[in-house]
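Participant: I am sharing structure36.pdb, which consists of PDB, C-alpha atoms and all ligand atoms:
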```pdb
ATOM      1  CA  MET A   1       0.944  -5.464 -14.163
ATOM      2  CA  ASP A   2       0.789  -1.810 -13.342
ATOM      3  CA  VAL A   3       4.421  -1.157 -12.528
ATOM      4  CA  LYS A   4       3.763   2.397 -11.370
ATOM      5  CA  THR A   5       1.380   1.444  -8.594
ATOM      6  CA  LYS A   6       2.587  -2.063  -7.870
ATOM      7  CA  GLN A   7       6.315  -1.398  -7.994
ATOM      8  CA  PRO A   8       8.642  -2.562  -5.323
ATOM      9  CA  LEU A   9       6.469  -4.325  -2.937
ATOM     10  CA  LEU A  10       9.085  -5.544  -0.564
ATOM     11  CA  SER A  11       7.995  -7.662   2.300
ATOM     12  CA  ASP A  12      10.533  -7.608   5.006
ATOM     13  CA  HIS A  13      12.468 -10.332   6.708
ATOM     14  CA  VAL A  14      10.828  -9.410   9.939
ATOM     15  CA  ASP A  15       7.458 -10.288   8.452
ATOM     16  CA  MET A  16       6.170 -13.608   7.356
ATOM     17  CA  ARG A  17       7.252 -13.943   3.762
ATOM     18  CA  PRO A  18       4.568 -14.613   1.192
ATOM     19  CA  VAL A  19       6.531 -17.519  -0.282
ATOM     20  CA  ALA A  20       5.829 -20.437   1.979
ATOM     21  CA  VAL A  21       7.763 -23.629   2.315
ATOM     22  CA  ASP A  22       5.753 -26.419   3.768
ATOM     23  CA  ALA A  23       7.988 -29.147   5.115
ATOM     24  CA  ASP A  24       5.307 -31.845   4.819
ATOM     25  CA  GLU A  25       4.600 -30.919   1.250
ATOM     26  CA  ALA A  26       8.313 -30.867   0.487
ATOM     27  CA  ILE A  27       8.495 -34.470   1.555
ATOM     28  CA  SER A  28       5.407 -35.561  -0.366
ATOM     29  CA  ASP A  29       6.194 -33.613  -3.536
ATOM     30  CA  ARG A  30       9.744 -32.445  -3.996
ATOM     31  CA  ASN A  31       8.817 -30.609  -7.181
ATOM     32  CA  ALA A  32       6.397 -28.241  -5.519
ATOM     33  CA  ILE A  33       8.217 -26.760  -2.581
ATOM     34  CA  VAL A  34       7.572 -23.101  -3.329
ATOM     35  CA  GLN A  35       3.996 -21.861  -3.264
ATOM     36  CA  LEU A  36       3.493 -18.797  -5.447
ATOM     37  CA  ASP A  37       0.438 -16.665  -5.059
ATOM     38  CA  PRO A  38      -1.825 -16.678  -8.179
ATOM     39  CA  ASP A  39      -1.052 -12.994  -8.797
ATOM     40  CA  HIS A  40       2.714 -13.559  -8.539
ATOM     41  CA  PRO A  41       4.385 -12.534 -11.836
ATOM     42  CA  GLY A  42       5.877 -16.031 -12.188
ATOM     43  CA  PHE A  43       2.766 -18.003 -11.290
ATOM     44  CA  ARG A  44       2.043 -19.144 -14.864
ATOM     45  CA  ASP A  45       5.672 -19.762 -15.831
ATOM     46  CA  ARG A  46       6.391 -23.453 -15.316
ATOM     47  CA  GLU A  47      10.115 -23.089 -15.953
ATOM     48  CA  TYR A  48      10.398 -20.292 -13.412
ATOM     49  CA  ARG A  49       8.509 -22.271 -10.805
ATOM     50  CA  LYS A  50      10.707 -25.280 -11.465
ATOM     51  CA  ARG A  51      13.830 -23.179 -10.942
ATOM     52  CA  ARG A  52      12.390 -21.641  -7.774
ATOM     53  CA  ASN A  53      11.823 -25.138  -6.460
ATOM     54  CA  GLN A  54      15.367 -26.175  -7.404
ATOM     55  CA  ILE A  55      16.827 -23.176  -5.613
ATOM     56  CA  ALA A  56      14.634 -23.786  -2.554
ATOM     57  CA  GLN A  57      15.841 -27.382  -2.554
ATOM     58  CA  LEU A  58      19.471 -26.206  -2.523
ATOM     59  CA  ALA A  59      18.681 -24.185   0.594
ATOM     60  CA  MET A  60      16.875 -27.074   2.251
ATOM     61  CA  ASN A  61      19.865 -29.349   1.677
ATOM     62  CA  PHE A  62      22.298 -26.720   2.924
ATOM     63  CA  GLN A  63      23.992 -27.320   6.253
ATOM     64  CA  PRO A  64      25.736 -24.468   8.072
ATOM     65  CA  GLY A  65      29.440 -24.771   7.403
ATOM     66  CA  ASP A  66      28.932 -26.161   3.887
ATOM     67  CA  GLN A  67      30.009 -24.150   0.897
ATOM     68  CA  ILE A  68      26.884 -22.498  -0.517
ATOM     69  CA  PRO A  69      25.920 -24.191  -3.782
ATOM     70  CA  ASP A  70      25.639 -21.947  -6.834
ATOM     71  CA  ALA A  71      22.111 -21.187  -7.997
ATOM     72  CA  PRO A  72      21.387 -22.214 -11.606
ATOM     73  CA  TYR A  73      20.520 -18.780 -13.003
ATOM     74  CA  THR A  74      19.575 -18.567 -16.670
ATOM     75  CA  ALA A  75      20.788 -16.018 -19.235
ATOM     76  CA  GLU A  76      17.358 -14.398 -18.949
ATOM     77  CA  GLU A  77      17.813 -14.012 -15.198
ATOM     78  CA  HIS A  78      21.255 -12.477 -15.594
ATOM     79  CA  HIS A  79      19.548 -10.054 -17.950
ATOM     80  CA  VAL A  80      17.082  -9.142 -15.169
ATOM     81  CA  TRP A  81      20.076  -8.300 -12.955
ATOM     82  CA  ARG A  82      21.554  -6.145 -15.751
ATOM     83  CA  THR A  83      18.255  -4.251 -16.117
ATOM     84  CA  ILE A  84      17.966  -3.659 -12.372
ATOM     85  CA  TRP A  85      21.581  -2.607 -12.163
ATOM     86  CA  ALA A  86      21.107  -0.035 -14.910
ATOM     87  CA  ALA A  87      18.287   1.532 -12.853
ATOM     88  CA  LEU A  88      20.098   1.270  -9.530
ATOM     89  CA  GLY A  89      23.400   2.817 -10.643
ATOM     90  CA  PRO A  90      22.150   6.414 -11.052
ATOM     91  CA  ALA A  91      19.722   6.044  -8.109
ATOM     92  CA  HIS A  92      22.607   5.053  -5.820
ATOM     93  CA  GLN A  93      24.710   7.997  -6.935
ATOM     94  CA  GLN A  94      21.838  10.311  -6.093
ATOM     95  CA  HIS A  95      20.317   8.735  -2.984
ATOM     96  CA  ALA A  96      22.747   6.330  -1.273
ATOM     97  CA  CYS A  97      24.711   7.416   1.795
ATOM     98  CA  ALA A  98      28.512   7.561   1.636
ATOM     99  CA  GLU A  99      28.953   4.538   3.917
ATOM    100  CA  TYR A 100      26.908   2.415   1.483
ATOM    101  CA  LEU A 101      28.733   3.663  -1.604
ATOM    102  CA  ALA A 102      32.087   2.816  -0.013
ATOM    103  CA  SER A 103      30.878  -0.734   0.726
ATOM    104  CA  LEU A 104      29.479  -1.090  -2.765
ATOM    105  CA  ARG A 105      32.894  -0.275  -4.229
ATOM    106  CA  ARG A 106      34.470  -2.930  -1.999
ATOM    107  CA  LEU A 107      32.163  -5.622  -3.376
ATOM    108  CA  SER A 108      32.596  -4.515  -7.037
ATOM    109  CA  PHE A 109      29.726  -6.471  -8.591
ATOM    110  CA  ASP A 110      29.672  -7.491 -12.212
ATOM    111  CA  PRO A 111      26.780  -5.509 -13.746
ATOM    112  CA  ASP A 112      26.119  -8.341 -16.225
ATOM    113  CA  ARG A 113      25.888 -11.317 -13.881
ATOM    114  CA  ILE A 114      24.042 -12.168 -10.675
ATOM    115  CA  PRO A 115      26.744 -12.821  -8.095
ATOM    116  CA  GLN A 116      26.575 -16.123  -6.255
ATOM    117  CA  LEU A 117      26.174 -15.953  -2.464
ATOM    118  CA  ARG A 118      29.420 -17.914  -2.202
ATOM    119  CA  GLU A 119      31.314 -15.099  -3.949
ATOM    120  CA  VAL A 120      29.667 -12.328  -1.938
ATOM    121  CA  ASN A 121      30.418 -14.170   1.293
ATOM    122  CA  LYS A 122      34.116 -14.326   0.599
ATOM    123  CA  LYS A 123      34.356 -10.527   0.556
ATOM    124  CA  VAL A 124      31.783  -9.744   3.263
ATOM    125  CA  GLN A 125      33.272 -12.224   5.714
ATOM    126  CA  ALA A 126      36.738 -10.755   5.295
ATOM    127  CA  ILE A 127      35.376  -7.294   6.146
ATOM    128  CA  SER A 128      32.855  -7.850   8.955
ATOM    129  CA  GLY A 129      32.803 -11.571   9.728
ATOM    130  CA  PHE A 130      29.174 -11.788   8.543
ATOM    131  CA  ARG A 131      28.084 -14.532   6.201
ATOM    132  CA  LEU A 132      24.975 -15.025   4.119
ATOM    133  CA  GLU A 133      23.284 -18.414   4.377
ATOM    134  CA  PRO A 134      20.507 -19.582   2.063
ATOM    135  CA  VAL A 135      16.980 -20.254   3.285
ATOM    136  CA  ALA A 136      14.194 -21.715   1.208
ATOM    137  CA  GLY A 137      11.595 -19.073   1.951
ATOM    138  CA  LEU A 138       9.646 -18.529   5.090
ATOM    139  CA  VAL A 139      11.652 -17.234   8.042
ATOM    140  CA  GLN A 140      10.093 -16.481  11.382
ATOM    141  CA  PRO A 141      11.143 -13.018  12.588
ATOM    142  CA  ARG A 142      12.769 -14.403  15.741
ATOM    143  CA  VAL A 143      14.789 -16.973  13.812
ATOM    144  CA  PHE A 144      15.910 -14.401  11.276
ATOM    145  CA  LEU A 145      16.842 -11.760  13.851
ATOM    146  CA  GLU A 146      18.536 -14.101  16.335
ATOM    147  CA  ASN A 147      20.814 -15.445  13.619
ATOM    148  CA  LEU A 148      22.210 -11.932  13.223
ATOM    149  CA  ALA A 149      23.753 -12.262  16.685
ATOM    150  CA  ASN A 150      25.968 -15.022  15.278
ATOM    151  CA  GLY A 151      26.925 -13.020  12.213
ATOM    152  CA  VAL A 152      24.583 -15.058   9.999
ATOM    153  CA  PHE A 153      22.229 -13.392   7.564
ATOM    154  CA  LEU A 154      19.561 -15.809   6.328
ATOM    155  CA  CYS A 155      18.726 -14.988   2.749
ATOM    156  CA  THR A 156      16.971 -16.113  -0.377
ATOM    157  CA  GLN A 157      18.817 -17.008  -3.554
ATOM    158  CA  TYR A 158      16.171 -16.780  -6.295
ATOM    159  CA  ILE A 159      15.661 -13.737  -8.489
ATOM    160  CA  ARG A 160      12.317 -12.095  -9.336
ATOM    161  CA  HIS A 161      10.451 -13.046 -12.506
ATOM    162  CA  HIS A 162      11.905 -11.635 -15.740
ATOM    163  CA  SER A 163       8.576 -10.087 -16.803
ATOM    164  CA  THR A 164       8.796  -7.481 -14.020
ATOM    165  CA  PRO A 165      12.472  -6.618 -13.528
ATOM    166  CA  LEU A 166      11.725  -3.544 -11.418
ATOM    167  CA  TYR A 167       9.045  -5.147  -9.282
ATOM    168  CA  THR A 168       9.145  -7.969  -6.788
ATOM    169  CA  PRO A 169       6.391  -9.159  -4.473
ATOM    170  CA  GLU A 170       8.947 -10.684  -2.102
ATOM    171  CA  PRO A 171      12.573 -10.094  -1.139
ATOM    172  CA  ASP A 172      14.801 -11.736  -3.764
ATOM    173  CA  VAL A 173      18.543 -12.126  -4.251
ATOM    174  CA  VAL A 174      18.762  -8.530  -5.496
ATOM    175  CA  HIS A 175      17.368  -7.189  -2.231
ATOM    176  CA  GLU A 176      19.524  -9.574  -0.216
ATOM    177  CA  ILE A 177      22.793  -8.819  -1.987
ATOM    178  CA  VAL A 178      22.433  -5.207  -3.123
ATOM    179  CA  GLY A 179      20.708  -4.281   0.124
ATOM    180  CA  HIS A 180      21.942  -6.456   2.961
ATOM    181  CA  GLY A 181      25.107  -7.939   1.432
ATOM    182  CA  VAL A 182      26.502  -4.484   0.756
ATOM    183  CA  THR A 183      25.560  -3.010   4.135
ATOM    184  CA  LEU A 184      27.127  -6.012   5.875
ATOM    185  CA  ALA A 185      30.354  -5.047   4.114
ATOM    186  CA  SER A 186      30.344  -1.956   6.349
ATOM    187  CA  GLU A 187      31.826  -2.759   9.752
ATOM    188  CA  ARG A 188      29.522  -0.341  11.547
ATOM    189  CA  LEU A 189      26.318  -1.456   9.834
ATOM    190  CA  ALA A 190      27.304  -5.089  10.355
ATOM    191  CA  GLU A 191      27.842  -4.356  14.053
ATOM    192  CA  LEU A 192      24.336  -2.866  14.311
ATOM    193  CA  ASN A 193      22.870  -5.985  12.690
ATOM    194  CA  ARG A 194      24.722  -8.136  15.203
ATOM    195  CA  LEU A 195      23.448  -5.989  18.075
ATOM    196  CA  PHE A 196      19.876  -6.403  16.825
ATOM    197  CA  GLY A 197      20.354 -10.149  17.054
ATOM    198  CA  GLU A 198      21.704  -9.907  20.593
ATOM    199  CA  ALA A 199      18.866  -7.601  21.669
ATOM    200  CA  VAL A 200      16.282  -9.993  20.233
ATOM    201  CA  LYS A 201      17.920 -12.916  22.029
ATOM    202  CA  ARG A 202      17.363 -11.118  25.326
ATOM    203  CA  THR A 203      13.628 -10.733  24.687
ATOM    204  CA  ARG A 204      10.997 -13.160  25.905
ATOM    205  CA  ALA A 205       7.715 -11.327  25.300
ATOM    206  CA  GLN A 206       6.211 -11.152  21.821
ATOM    207  CA  ASP A 207       5.607  -7.441  22.310
ATOM    208  CA  ALA A 208       9.318  -6.820  22.877
ATOM    209  CA  LEU A 209      10.171  -8.775  19.728
ATOM    210  CA  ASP A 210       7.583  -6.805  17.754
ATOM    211  CA  ARG A 211       9.066  -3.501  18.916
ATOM    212  CA  LEU A 212      12.575  -4.513  17.911
ATOM    213  CA  SER A 213      11.238  -5.773  14.565
ATOM    214  CA  ARG A 214       9.728  -2.371  13.898
ATOM    215  CA  VAL A 215      12.954  -0.601  14.847
ATOM    216  CA  TYR A 216      14.793  -2.942  12.466
ATOM    217  CA  TRP A 217      12.309  -2.022   9.734
ATOM    218  CA  PHE A 218      12.668   1.735  10.218
ATOM    219  CA  THR A 219      16.471   1.654  10.436
ATOM    220  CA  ILE A 220      18.224  -1.268   8.755
ATOM    221  CA  GLU A 221      15.473  -1.705   6.143
ATOM    222  CA  PHE A 222      14.159   1.817   5.578
ATOM    223  CA  GLY A 223      16.509   4.190   7.348
ATOM    224  CA  ALA A 224      17.413   7.622   5.994
ATOM    225  CA  LEU A 225      19.976  10.149   7.169
ATOM    226  CA  ARG A 226      21.244  13.604   6.355
ATOM    227  CA  GLU A 227      24.507  14.323   4.601
ATOM    228  CA  GLY A 228      24.808  18.083   4.517
ATOM    229  CA  GLU A 229      21.653  19.384   2.846
ATOM    230  CA  SER A 230      20.721  16.031   1.317
ATOM    231  CA  VAL A 231      18.654  13.129   2.591
ATOM    232  CA  LYS A 232      20.340   9.799   1.833
ATOM    233  CA  ALA A 233      19.402   6.173   2.298
ATOM    234  CA  TYR A 234      21.147   3.603   4.460
ATOM    235  CA  GLY A 235      18.169   1.204   4.598
ATOM    236  CA  THR A 236      18.375  -1.929   2.475
ATOM    237  CA  GLY A 237      14.755  -1.768   1.295
ATOM    238  CA  LEU A 238      15.471   1.647  -0.163
ATOM    239  CA  LEU A 239      18.917   0.850  -1.534
ATOM    240  CA  SER A 240      17.811  -2.259  -3.416
ATOM    241  CA  SER A 241      14.973  -0.509  -5.241
ATOM    242  CA  ALA A 242      15.273   2.414  -7.646
ATOM    243  CA  GLY A 243      11.524   2.974  -7.195
ATOM    244  CA  GLU A 244      11.771   3.213  -3.402
ATOM    245  CA  MET A 245      14.711   5.617  -3.651
ATOM    246  CA  LYS A 246      12.744   7.829  -6.034
ATOM    247  CA  GLU A 247       9.752   7.858  -3.674
ATOM    248  CA  MET A 248      11.925   8.895  -0.716
ATOM    249  CA  GLY A 249      11.409  12.501  -1.759
ATOM    250  CA  ASP A 250       7.671  12.188  -1.112
ATOM    251  CA  ALA A 251       7.935  10.474   2.264
ATOM    252  CA  GLU A 252       7.215  12.266   5.527
ATOM    253  CA  LEU A 253      10.570  12.571   7.258
ATOM    254  CA  ARG A 254      10.556  12.342  11.038
ATOM    255  CA  ALA A 255      13.528  12.913  13.306
ATOM    256  CA  LEU A 256      15.120   9.628  14.389
ATOM    257  CA  ASP A 257      13.249   8.536  17.507
ATOM    258  CA  LEU A 258      13.601   4.842  18.184
ATOM    259  CA  GLU A 259      10.890   4.738  20.827
ATOM    260  CA  ALA A 260       8.488   6.218  18.292
ATOM    261  CA  ALA A 261       9.760   3.834  15.577
ATOM    262  CA  SER A 262       9.168   0.869  17.881
ATOM    263  CA  ARG A 263       5.485   1.798  18.005
ATOM    264  CA  GLN A 264       5.075   2.855  14.372
ATOM    265  CA  HIS A 265       3.130   0.396  12.252
ATOM    266  CA  TYR A 266       3.981  -0.044   8.586
ATOM    267  CA  ASP A 267       2.646  -1.635   5.456
ATOM    268  CA  PRO A 268       5.333  -3.579   3.573
ATOM    269  CA  THR A 269       3.217  -3.746   0.415
ATOM    270  CA  HIS A 270       3.446  -0.033  -0.430
ATOM    271  CA  PHE A 271       6.066   2.626  -0.777
ATOM    272  CA  GLN A 272       6.916   3.809   2.707
ATOM    273  CA  PRO A 273       5.070   7.058   3.517
ATOM    274  CA  VAL A 274       7.018   7.658   6.765
ATOM    275  CA  LEU A 275      10.790   7.486   7.165
ATOM    276  CA  PHE A 276      12.840   8.202  10.267
ATOM    277  CA  CYS A 277      15.755  10.390   9.291
ATOM    278  CA  ALA A 278      18.937  10.713  11.368
ATOM    279  CA  ASP A 279      20.959  13.946  11.456
ATOM    280  CA  SER A 280      24.029  12.079  10.203
ATOM    281  CA  PHE A 281      25.458   8.579   9.850
ATOM    282  CA  GLU A 282      27.278   9.030  13.156
ATOM    283  CA  GLN A 283      24.110  10.108  14.962
ATOM    284  CA  MET A 284      22.233   7.088  13.573
ATOM    285  CA  TYR A 285      25.043   4.725  14.542
ATOM    286  CA  GLU A 286      25.419   6.088  18.087
ATOM    287  CA  THR A 287      21.675   6.331  18.751
ATOM    288  CA  LEU A 288      20.860   2.873  17.462
ATOM    289  CA  ARG A 289      23.862   1.290  19.131
ATOM    290  CA  GLU A 290      22.936   2.820  22.476
ATOM    291  CA  TYR A 291      19.318   1.693  22.066
ATOM    292  CA  LEU A 292      20.308  -1.884  21.307
ATOM    293  CA  VAL A 293      22.922  -2.331  24.016
ATOM    294  CA  SER A 294      20.907  -0.626  26.738
ATOM    295  CA  GLY A 295      18.446  -3.469  27.001
ATOM    296  CA  ASN A 296      15.613  -1.933  25.033
ATOM    297  CA  GLY A 297      13.194  -4.446  23.715
TER     298      GLY A 297
HETATM  299 FE    FE A 301      15.509  -7.025   3.993
END
```
Do you think you could lay out the structure here as structure tokens?

Facilitator:
Amino acid sequence: MDVKTKQPLLSDHVDMRPVAVDADEAISDRNAIVQLDPDHPGFRDREYRKRRNQIAQLAMNFQPGDQIPDAPYTAEEHHVWRTIWAALGPAHQQHACAEYLASLRRLSFDPDRIPQLREVNKKVQAISGFRLEPVAGLVQPRVFLENLANGVFLCTQYIRHHSTPLYTPEPDVVHEIVGHGVTLASERLAELNRLFGEAVKRTRAQDALDRLSRVYWFTIEFGALREGESVKAYGTGLLSSAGEMKEMGDAELRALDLEAASRQHYDPTHFQPVLFCADSFEQMYETLREYLVSGNG
């Protein structure tokens, strides 16, 4: 796989995920819940597919209120985390906004071991009241976004295939934890996520949902802001990918304009060529908060 051109290809939660879970198939064949595309890095790895199915099954058996079961990660998968972490560490120091770095310190991840959602939840819940809950794969945008109103972040638990540690064709546990888990350990970012959920709940028309989904993409997923002379990331799609953070320098930066963002189309399969950049964290927070509570969407 050409890592340079194919690197972080993050589909977003607000899109249909490429990993599908078919309920009928799950019933007829419990060993083949997760459908991987033939060009997925793990497609030919039977052990990986088996583990993906096991992890999807954990999510399917999960009931809200239960303790989240630990995913059976292998030593090889913990090694993937270690490799990613080694790339992310310097990228965060250079490109992450101060609010994110403060949250990251609060969660204090072990660089050698993939944290379990159960462990992350304990800390995140104490800070913002948010909790991560496992889902097997496909999440409809409305379901995903409306859950945010209740302080629930639906997330995947599997990790990308070990052959491509710096590339993933779909959001994995690294994106969920290093991106969303950390930002939900910021009270203000958690509040904005909750407000997105409430705004989506007020929508009826598909068009209104689509506009809010795009605003979510250009802020929570791919938002940038200024800290003094520097441009920093607060978006989870940037913060969970060393490649995306590196490419930020080449993106066209536009002043934060949520009306414009709500109409801006994007391609989740490539590095983002356009980013909306706030003047500061405070300006982003105030602008987005106002947009979400004022009945937009
Ligand atoms: Fe995401």

Participant: I would like the residues chosen by the PyMOL selection byres (((not hetatm)) within 12 of (chain A and resi 301)) on the shown file; could you give them as a ChimeraX atom specification?

Facilitator: /A:9-17,139,141,144-145,153-156,170-184,193,213,216-223,235-241,268

Participant: So the first atom is atom CA of A:Val120 and the second is atom CA of A:Phe62; what is the distance between them in Å, to one decimal place?

Facilitator: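 Atom-to-atom, atom CA of A:Val120 and atom CA of A:Phe62 are spaced 16.9 Å apart.
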
Participant: Which protein, DNA or RNA residues are at most 10 Å from (27.7, 13.9, 12.0) in the file's coordinates when you count only C-alpha atoms, listed as a list in words?

Facilitator: Leu225, Arg226, Glu227, Gly228, Ala278, Asp279, Ser280, Phe281, Glu282, Gln283, Met284 and Tyr285 of chain A

Participant: What would the file look like if the residues just selected were written as a short mmCIF file (atom, residue, chain, number, x, y, z; two decimals), in the frame of the given file with C-alpha atoms?

Facilitator:
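Final output, saved to part.cif:
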```
data_model
loop_
_atom_site.label_atom_id
_atom_site.label_comp_id
_atom_site.auth_asym_id
_atom_site.auth_seq_id
_atom_site.Cartn_x
_atom_site.Cartn_y
_atom_site.Cartn_z
CA LEU A 225 19.98 10.15 7.17
CA ARG A 226 21.24 13.60 6.36
CA GLU A 227 24.51 14.32 4.60
CA GLY A 228 24.81 18.08 4.52
CA ALA A 278 18.94 10.71 11.37
CA ASP A 279 20.96 13.95 11.46
CA SER A 280 24.03 12.08 10.20
CA PHE A 281 25.46 8.58 9.85
CA GLU A 282 27.28 9.03 13.16
CA GLN A 283 24.11 10.11 14.96
CA MET A 284 22.23 7.09 13.57
CA TYR A 285 25.04 4.72 14.54
#
```

Participant: Name the closest residue to A:Trp85 among the candidates A:Arg105, A:Arg113, A:Lys50, A:Lys201; distances are taken between atoms, counting all atoms listed in the file.

Facilitator: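 Using all atoms listed in the file, A:Trp85 sits closest to A:Arg113.
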
Participant: Can you give me, as a list of chain:residue names, the residues this file yields under the PyMOL selection byres (((chain A and resi 292) around 9) and not hetatm)?

Facilitator: A:Leu192, A:Leu195, A:Phe196, A:Glu198, A:Ala199, A:Leu212, A:Thr287, A:Leu288, A:Arg289, A:Glu290, A:Tyr291, A:Val293, A:Ser294, A:Gly295, A:Asn296, A:Gly297

Participant: Please expand the PyMOL selection byres (((chain A and resi 89) around 12) and not hetatm) into the concrete residues it hits in this file, giving the result as a list in words.

Facilitator: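 Going through the file, the PyMOL selection byres (((chain A and resi 89) around 12) and not hetatm) ends up selecting Trp81, Arg82, Thr83, Ile84, Trp85, Ala86, Ala87, Leu88, Pro90, Ala91, His92, Gln93, Gln94, His95, Ala96, Leu101, Leu104, Arg105, Phe109, Pro111, Val178, Leu239, Ser240, Ser241, Ala242 and Met245 of chain A.
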
Participant: One decimal, Å: what's the distance from atom CA of A:Ile127 over to atom CA of A:Val200, could you say?

Facilitator: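 Between atom CA of A:Ile127 and atom CA of A:Val200 the gap works out to 23.9 Å.
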
Participant: With all atoms listed in the file as the basis for distance, which of A:Gly129, A:Gly249, A:Arg142, A:Gly42 is at the shortest distance from A:Gln206?

Facilitator: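 Ranking A:Gly129, A:Gly249, A:Arg142, A:Gly42 by distance to A:Gln206, first place goes to A:Arg142.
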
Participant: May I ask which of the residues A:Ala56, A:Ala75, A:Ala205, A:Leu148 is the closest one to A:Leu189, counting only C-alpha atoms?

Facilitator: A:Leu148

Participant: As an exercise, work out the distance from atom CA of A:Glu77 to atom CA of A:His161 in Å and give it to one decimal place.

Facilitator: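 So the two atoms, atom CA of A:Glu77 and atom CA of A:His161, lie 7.9 Å apart.
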
Participant: Is it possible to get the residues within 12 Å of (2.7, 0.8, 17.6) (coordinates as in the file, counting all atoms listed in the file) written as a PyMOL selection string?

Facilitator: chain A and resi 207-208+210-215+258-266

Participant: Only C-alpha atoms, please: the residues just picked out, written as a short mmCIF file (atom, residue, chain, number, x, y, z; two decimals), in the coordinates of the input.

Facilitator:
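The result, written out as out_0.cif:
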```cif
data_model
loop_
_atom_site.label_atom_id
_atom_site.label_comp_id
_atom_site.auth_asym_id
_atom_site.auth_seq_id
_atom_site.Cartn_x
_atom_site.Cartn_y
_atom_site.Cartn_z
CA ASP A 207 5.61 -7.44 22.31
CA ALA A 208 9.32 -6.82 22.88
CA ASP A 210 7.58 -6.80 17.75
CA ARG A 211 9.07 -3.50 18.92
CA LEU A 212 12.58 -4.51 17.91
CA SER A 213 11.24 -5.77 14.56
CA ARG A 214 9.73 -2.37 13.90
CA VAL A 215 12.95 -0.60 14.85
CA LEU A 258 13.60 4.84 18.18
CA GLU A 259 10.89 4.74 20.83
CA ALA A 260 8.49 6.22 18.29
CA ALA A 261 9.76 3.83 15.58
CA SER A 262 9.17 0.87 17.88
CA ARG A 263 5.48 1.80 18.00
CA GLN A 264 5.08 2.86 14.37
CA HIS A 265 3.13 0.40 12.25
CA TYR A 266 3.98 -0.04 8.59
#
```

Participant: Emit as AutoDock Vina command-line options the padded axis-aligned box for all listed atoms of stretch 31-48 of chain A, 6 Å per side, with centre and edge lengths in Å to one decimal.

Facilitator:
```
--center_x 4.3 --center_y -21.6 --center_z -9.3 --size_x 24.2 --size_y 30.1 --size_z 25.4
```

Participant: Using all atoms listed in the file, pick whichever of A:Asp267, A:Gln57, A:Leu253, A:Pro169 has the shortest atom-to-atom distance to A:Asp39.

Facilitator: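 Ranked by minimum distance to A:Asp39, first place goes to A:Pro169.
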
Participant: Using only C-alpha atoms, pick whichever of A:Tyr100, A:Phe130, A:Tyr158, A:Tyr167 has the shortest atom-to-atom distance to A:Tyr73.

Facilitator: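 Comparing A:Tyr100, A:Phe130, A:Tyr158, A:Tyr167 against A:Tyr73, the winner is A:Tyr158.
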
Participant: Restricting the calculation to all atoms listed in the file, which member of A:Ile159, A:Leu117, A:Cys97, A:Ala71 is positioned closest to A:Tyr48?

Facilitator: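 Among the listed residues, A:Ile159 lies closest to A:Tyr48.
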